[in-house]
Amino acid sequence: MRRNILLSIGLIVVTSSPLVAGTFTRAPLAPDLGLDALTRSVTRERVGRDVFANPYATVTISNVDVYDRFPYVESRHFQVVSDPRWNRLVCGEAGRSMAAYDGASSALGPLSGPRGMAVDEQNRLYVADTGNDRIVVLQAVTEFDRISLVPLFAIPGLHGPYDVAYSDGGTPFVGGDDVLYVADTGRNRVAAFALEAGAAREVATVGELGSGPGAFAGPMAITVGRAGDVNTPDVYVADAHNRRIVHLRLERGGLQWVGDAKDGADVVTSLDTDQWGNLYAAAPQQDIVRKFNPSLEQVAELHAAWSRPRGFSIPFTTFRDHRDGSVRRMGEANAVSVAEWADAGGVELWNLGVAIDGLAVVGGDVSVAHFTVTDQAAVTLEISDAASGHVLSRRAVGTLPAGLHDVALTADDLRGASATSDISLRLTAVSSYAGGATDEARVSFRANGGSAMLPLQPVLLGNWPNPAGASTRISFVLPQARARATLGVFDASGRRVRSFAQGFSPGLNEIVWDGTDDRGAGVRSGLYFYRLDVGDQSFTRRMVMVR
């Protein structure tokens with residue numbers, strides 16, 4: 001460990017849950033010091049030097065201990081950030097000193113271009129030491145407000161590995177089934193290693209240069225699936241030049257190809273999963289972080305005032321209750337982002353919450369509430385008279401995962417609704433994180449005989465999949481009123497490329513766009529907008545086309 005770099009600020013993950021609605025909300029990194037982010041201008045102002053040259057990835061080493069006597073609760077959260085340009089790792093706790101590790105004086109030798117990292121429940125740190133063609137394993141030792149990194153062993157024989165992911169094999173805190181996955185970028189493959197005492201043994205590989213199943217072209221980021229407190233056998237890989245996220249699964253002694261989905265990015269440099277198994281993909285060339293559910297359906301995007309986000313990491317904390325000896329691993333309701341080091345860019349903290357998008361009531365043989373939730377949440381619906389506000393019914397739908405949902409409205413839901421009165425549906429989603437945020441959405445409609453119903457205003461629901469590949473389905477709902485409706489697709493400059501004006505009908509309408517213009521020629525990859533015009537009203541959304 002090199003000499004400490006004394007700072008009046010540091011890095012920390014705040015464990016409080018989000019209090020406002022939204023999938024992503026910015027949180028202060030060091031609220032006691034009035035700092036929203038750790039940036040180049042902040043460090044130069046406060047300590048007169050840069051902390052990073054080119055920060056790339058981050059992980060959190062987080063421990064909470066509960067006792068039956070003073071101090072009752074001890075909570076420590078240390079951040080580790082890799083810097084491939086200065087060939088080192090920077091680590092520390094908020095408000096305390098920070099240290100840099102470069103390995104120069106260790107038995108494993110100096111680091112060279114360290115990039116992606118992972119951490120396990122025993123505070124072992126796995127570092128993709130890209131320039132040295134290996135993975136370095138370090139033990140993080142924490143005492144009070146200080147952290148040190150102790151070299152354990154290395155996994156050699158790789159070729160330019162860019163990222164690494166750790167799996168507890170489904171049994172955290174129990175050894176024997178732990179697996180380390182490596183994005184071996186230079187060989188266009190993914191390798192799985194069984195972790196043993198002081199060593200790692202290769203047990204499976206998949207990949208060669210190519211674009212079809214079983215092949216990669218620049219796998220740059222990797223993460224593992226999760227269901228609550230444990231990892232699943234699922235593995236997700238960002239395949240850069242094929243512009244896709246690949247879903248693998250470790251089973252029957254090998255890595256099986258499950259499927260893939262277009263990610264809409266030129267390069268994804270970071271993948272991570274939260275407690276519910278949702279994926280977060282950082283795309284630096286587009287200045288965006290995308291959120292996918294475990295089925296690789298995109299549910300949200302984060303566009304921030306940053307430049308080139310390289311890393312987006314979800315912290316997991318080890319909770320030890322010394323009163324009964326229990327221990328568990330739990331995901332936090334926040335994330336840490338790492339962006340290009342600049343006066344206004346660097347390390348930021350984000351609260352994770354939930355949002356309801358595209359709520360509409362769609363009539364038919366069975367009337368349904370059609371909507372997307374962006375995170376796992378407990379959902380309730382309430383039907384009321386729109387004019388008086390009198391509540392007609394209320395019920396709990398249950399806990400729903402992130403994604404698109406259709407919830408049938410029952411006869412009991414609509415009991416007392418008049419066919420001539422406007423009715424309001426209020427949908428409420430409460431994040432599954434402890435003390436999580438709440439979001440709600442409303443839509444008005446008119447019942448017809450207590451079943452079929454239509455909204456009072458047009459609703460542009462969105463398109464799926466987004467990013468779009470060979471085709472995408474654009475959905476919208478029209479009211480009973482007979483106003484002319486048209487749908488248009490526009491490129492980023494505002495030029496109309498495709499028009500749809502066939503006879504749309506009241507209720508749910510779906511248009512399949514095959515990525516061609518009005519002349520039948522295929523459009524290029526990039527950002528597009530689609531606009532629904534109904535009479536004098538217009539509704540616009542955006543999508544990404546990936547070829």
# chains A, B, ... in the order shown; residues from 1 in each chain; ligands from 1
call {"tool": "residues_around", "arguments": {"residues": "Asn63 in chain A", "least_positions_apart": "3", "cutoff": "10 Å", "atoms": "only C-alpha atoms", "output": "compact mmCIF listing (two decimals) with C-alpha atoms, in the first residue's frame"}}
result
# COMPACT_ATOMS: atom_id res chain seq x y z
CA THR A 60 -18.06 -1.07 -2.56
CA GLU A 74 -21.15 -0.36 13.45
CA SER A 75 -21.39 0.59 9.79
CA ARG A 76 -18.45 0.94 7.39
CA HIS A 77 -18.57 1.57 3.66
CA PHE A 78 -15.36 1.77 1.65
CA GLU A 121 -18.88 -11.52 0.81
CA ASN A 123 -14.20 -8.75 1.21
CA THR A 142 -10.70 -2.85 7.22
CA PHE A 316 -24.07 -5.13 -1.51
CA THR A 317 -23.61 -5.03 2.24
CA THR A 318 -22.69 -7.87 4.59
CA PHE A 319 -24.94 -7.70 7.67
CA ARG A 320 -23.68 -9.58 10.72
CA ARG A 329 -25.75 -10.27 1.99
call {"tool": "select_by_dssp", "arguments": {"residues": "range 257-406 of chain A", "states": "strand (DSSP E or B)", "output": "ChimeraX atom specification"}}
result
/A:257-262,270-273,279-283,288-292,298-302,309-313,316-321,326-331,334-342,345-352,356-362,368-373,377-385,391-400,403-406
call {"tool": "write_last_selection", "arguments": {"atoms": "C-alpha atoms", "output": "CSV table (one decimal), in the first residue's frame"}}
result
chain,number,residue,atom,x,y,z
A,257,TRP,CA,-25.9,-19.9,-24.5
A,258,VAL,CA,-29.4,-18.8,-23.5
A,259,GLY,CA,-29.9,-15.8,-25.8
A,260,ASP,CA,-29.0,-12.2,-26.5
A,261,ALA,CA,-30.6,-8.8,-27.0
A,262,LYS,CA,-29.4,-5.6,-28.7
A,270,SER,CA,-19.9,-1.9,-17.2
A,271,LEU,CA,-22.7,-4.3,-16.3
A,272,ASP,CA,-24.1,-4.9,-12.8
A,273,THR,CA,-27.2,-6.4,-11.3
A,279,LEU,CA,-29.2,-5.1,-15.2
A,280,TYR,CA,-27.5,-1.7,-15.5
A,281,ALA,CA,-25.4,-1.1,-18.5
A,282,ALA,CA,-23.1,2.0,-18.8
A,283,ALA,CA,-22.6,3.2,-22.4
A,288,ILE,CA,-26.2,7.0,-20.8
A,289,VAL,CA,-26.9,4.1,-18.4
A,290,ARG,CA,-29.7,1.7,-19.4
A,291,LYS,CA,-31.6,-0.5,-17.1
A,292,PHE,CA,-32.9,-3.9,-18.2
A,298,GLN,CA,-35.2,-2.3,-21.3
A,299,VAL,CA,-37.2,-0.6,-18.6
A,300,ALA,CA,-35.5,2.8,-17.9
A,301,GLU,CA,-32.6,5.1,-19.0
A,302,LEU,CA,-30.4,7.5,-17.0
A,309,PRO,CA,-20.0,7.1,-17.8
A,310,ARG,CA,-17.6,4.0,-17.5
A,311,GLY,CA,-18.9,2.3,-14.4
A,312,PHE,CA,-22.2,1.8,-12.6
A,313,SER,CA,-22.0,-0.3,-9.5
A,316,PHE,CA,-24.1,-5.1,-1.5
A,317,THR,CA,-23.6,-5.0,2.2
A,318,THR,CA,-22.7,-7.9,4.6
A,319,PHE,CA,-24.9,-7.7,7.7
A,320,ARG,CA,-23.7,-9.6,10.7
A,321,ASP,CA,-26.0,-9.8,13.7
A,326,SER,CA,-26.8,-14.7,11.6
A,327,VAL,CA,-25.1,-13.2,8.5
A,328,ARG,CA,-26.6,-12.1,5.1
A,329,ARG,CA,-25.7,-10.3,2.0
A,330,MET,CA,-28.2,-7.5,1.0
A,331,GLY,CA,-28.4,-5.1,-1.9
A,334,ASN,CA,-28.4,3.1,-4.5
A,335,ALA,CA,-25.6,2.9,-7.0
A,336,VAL,CA,-22.2,4.6,-7.6
A,337,SER,CA,-21.3,5.9,-11.1
A,338,VAL,CA,-17.8,6.5,-12.5
A,339,ALA,CA,-17.5,8.9,-15.4
A,340,GLU,CA,-14.7,10.6,-17.3
A,341,TRP,CA,-12.5,12.6,-14.9
A,342,ALA,CA,-13.3,16.3,-15.6
A,345,GLY,CA,-17.3,14.7,-13.9
A,346,GLY,CA,-16.1,11.8,-11.8
A,347,VAL,CA,-17.8,9.8,-9.1
A,348,GLU,CA,-21.5,10.3,-8.2
A,349,LEU,CA,-24.1,8.6,-6.0
A,350,TRP,CA,-27.7,7.6,-7.2
A,351,ASN,CA,-30.7,6.5,-5.3
A,352,LEU,CA,-32.6,3.6,-6.9
A,356,ILE,CA,-44.7,3.8,-13.5
A,357,ASP,CA,-44.7,4.5,-17.2
A,358,GLY,CA,-47.3,4.3,-20.0
A,359,LEU,CA,-50.4,3.7,-17.9
A,360,ALA,CA,-53.5,3.1,-20.0
A,361,VAL,CA,-56.8,1.3,-19.6
A,362,VAL,CA,-57.4,-0.9,-22.6
A,368,VAL,CA,-56.8,-4.3,-18.4
A,369,ALA,CA,-54.6,-1.7,-16.9
A,370,HIS,CA,-51.5,-1.6,-19.2
A,371,PHE,CA,-48.3,-0.2,-17.7
A,372,THR,CA,-44.6,-0.6,-17.0
A,373,VAL,CA,-42.9,-0.5,-13.6
A,377,ALA,CA,-42.6,-3.0,-6.4
A,378,ALA,CA,-45.8,-3.6,-4.5
A,379,VAL,CA,-48.6,-2.4,-6.7
A,380,THR,CA,-52.1,-1.3,-5.7
A,381,LEU,CA,-54.9,0.0,-7.8
A,382,GLU,CA,-57.8,2.3,-6.9
A,383,ILE,CA,-60.9,3.1,-8.9
A,384,SER,CA,-62.8,6.3,-8.1
A,385,ASP,CA,-65.4,8.6,-9.6
A,391,VAL,CA,-63.4,5.7,-4.1
A,392,LEU,CA,-65.3,2.8,-5.7
A,393,SER,CA,-62.8,0.1,-5.0
A,394,ARG,CA,-59.2,-0.5,-4.0
A,395,ARG,CA,-57.1,-3.7,-4.0
A,396,ALA,CA,-53.5,-4.9,-3.8
A,397,VAL,CA,-52.2,-6.3,-7.1
A,398,GLY,CA,-49.2,-7.8,-5.5
A,399,THR,CA,-45.4,-7.5,-5.9
A,400,LEU,CA,-44.5,-7.2,-9.6
A,403,GLY,CA,-41.2,-4.8,-16.9
A,404,LEU,CA,-44.4,-4.5,-18.9
A,405,HIS,CA,-47.6,-5.7,-17.2
A,406,ASP,CA,-51.3,-6.1,-18.0
call {"tool": "atom_distance", "arguments": {"atom1": "CA of Ala191 in chain A", "atom2": "CA of Val203 in chain A"}}
result
7.8 Å
call {"tool": "atom_distance", "arguments": {"atom1": "CA of Val267 in chain A", "atom2": "CA of Val546 in chain A"}}
result
12.3 Å
call {"tool": "residues_around", "arguments": {"residues": "range 84-92 of chain A", "least_positions_apart": "3", "cutoff": "9 Å", "atoms": "only C-alpha atoms", "output": "VMD selection string"}}
result
chain A and resid 10 to 12 51 to 56 77 to 81 95 to 103 110 to 115 129 to 131 145 to 148
call {"tool": "atom_distance", "arguments": {"atom1": "CA of Ser106 in chain A", "atom2": "CA of Ala118 in chain A"}}
result
20.3 Å
call {"tool": "closest_residue", "arguments": {"among": "A:Gly210, A:Gly160, A:Gly325, A:Gly22", "to": "Asp65 in chain A", "atoms": "only C-alpha atoms"}}
result
A:Gly325
call {"tool": "residues_around", "arguments": {"residues": "Val119 in chain A", "least_positions_apart": "4", "cutoff": "7 Å", "atoms": "only C-alpha atoms", "output": "list in words"}}
result
Val59, Asn123, Arg124, Leu125, Tyr126 and Tyr166 of chain A
call {"tool": "residues_around", "arguments": {"residues": "Ala217 in chain A", "least_positions_apart": "5", "cutoff": "6 Å", "atoms": "only C-alpha atoms", "output": "ChimeraX atom specification"}}
result
/A:188,209-210,241
call {"tool": "closest_residue", "arguments": {"among": "A:Val477, A:Leu255, A:Ala197, A:Val190", "to": "Ala238 in chain A", "atoms": "only C-alpha atoms"}}
result
A:Val190
call {"tool": "closest_residue", "arguments": {"among": "A:Gln122, A:Thr25, A:Asn293, A:Thr39", "to": "Pro172 in chain A", "atoms": "only C-alpha atoms"}}
result
A:Gln122
call {"tool": "closest_residue", "arguments": {"among": "A:Asp274, A:Asp518, A:Asp324, A:Asp413", "to": "Tyr433 in chain A", "atoms": "only C-alpha atoms"}}
result
A:Asp274
call {"tool": "residues_around", "arguments": {"residues": "Leu149 in chain A", "least_positions_apart": "2", "cutoff": "8 Å", "atoms": "only C-alpha atoms", "output": "PyMOL selection string"}}
result
chain A and resi 1+101+138-141+147+151
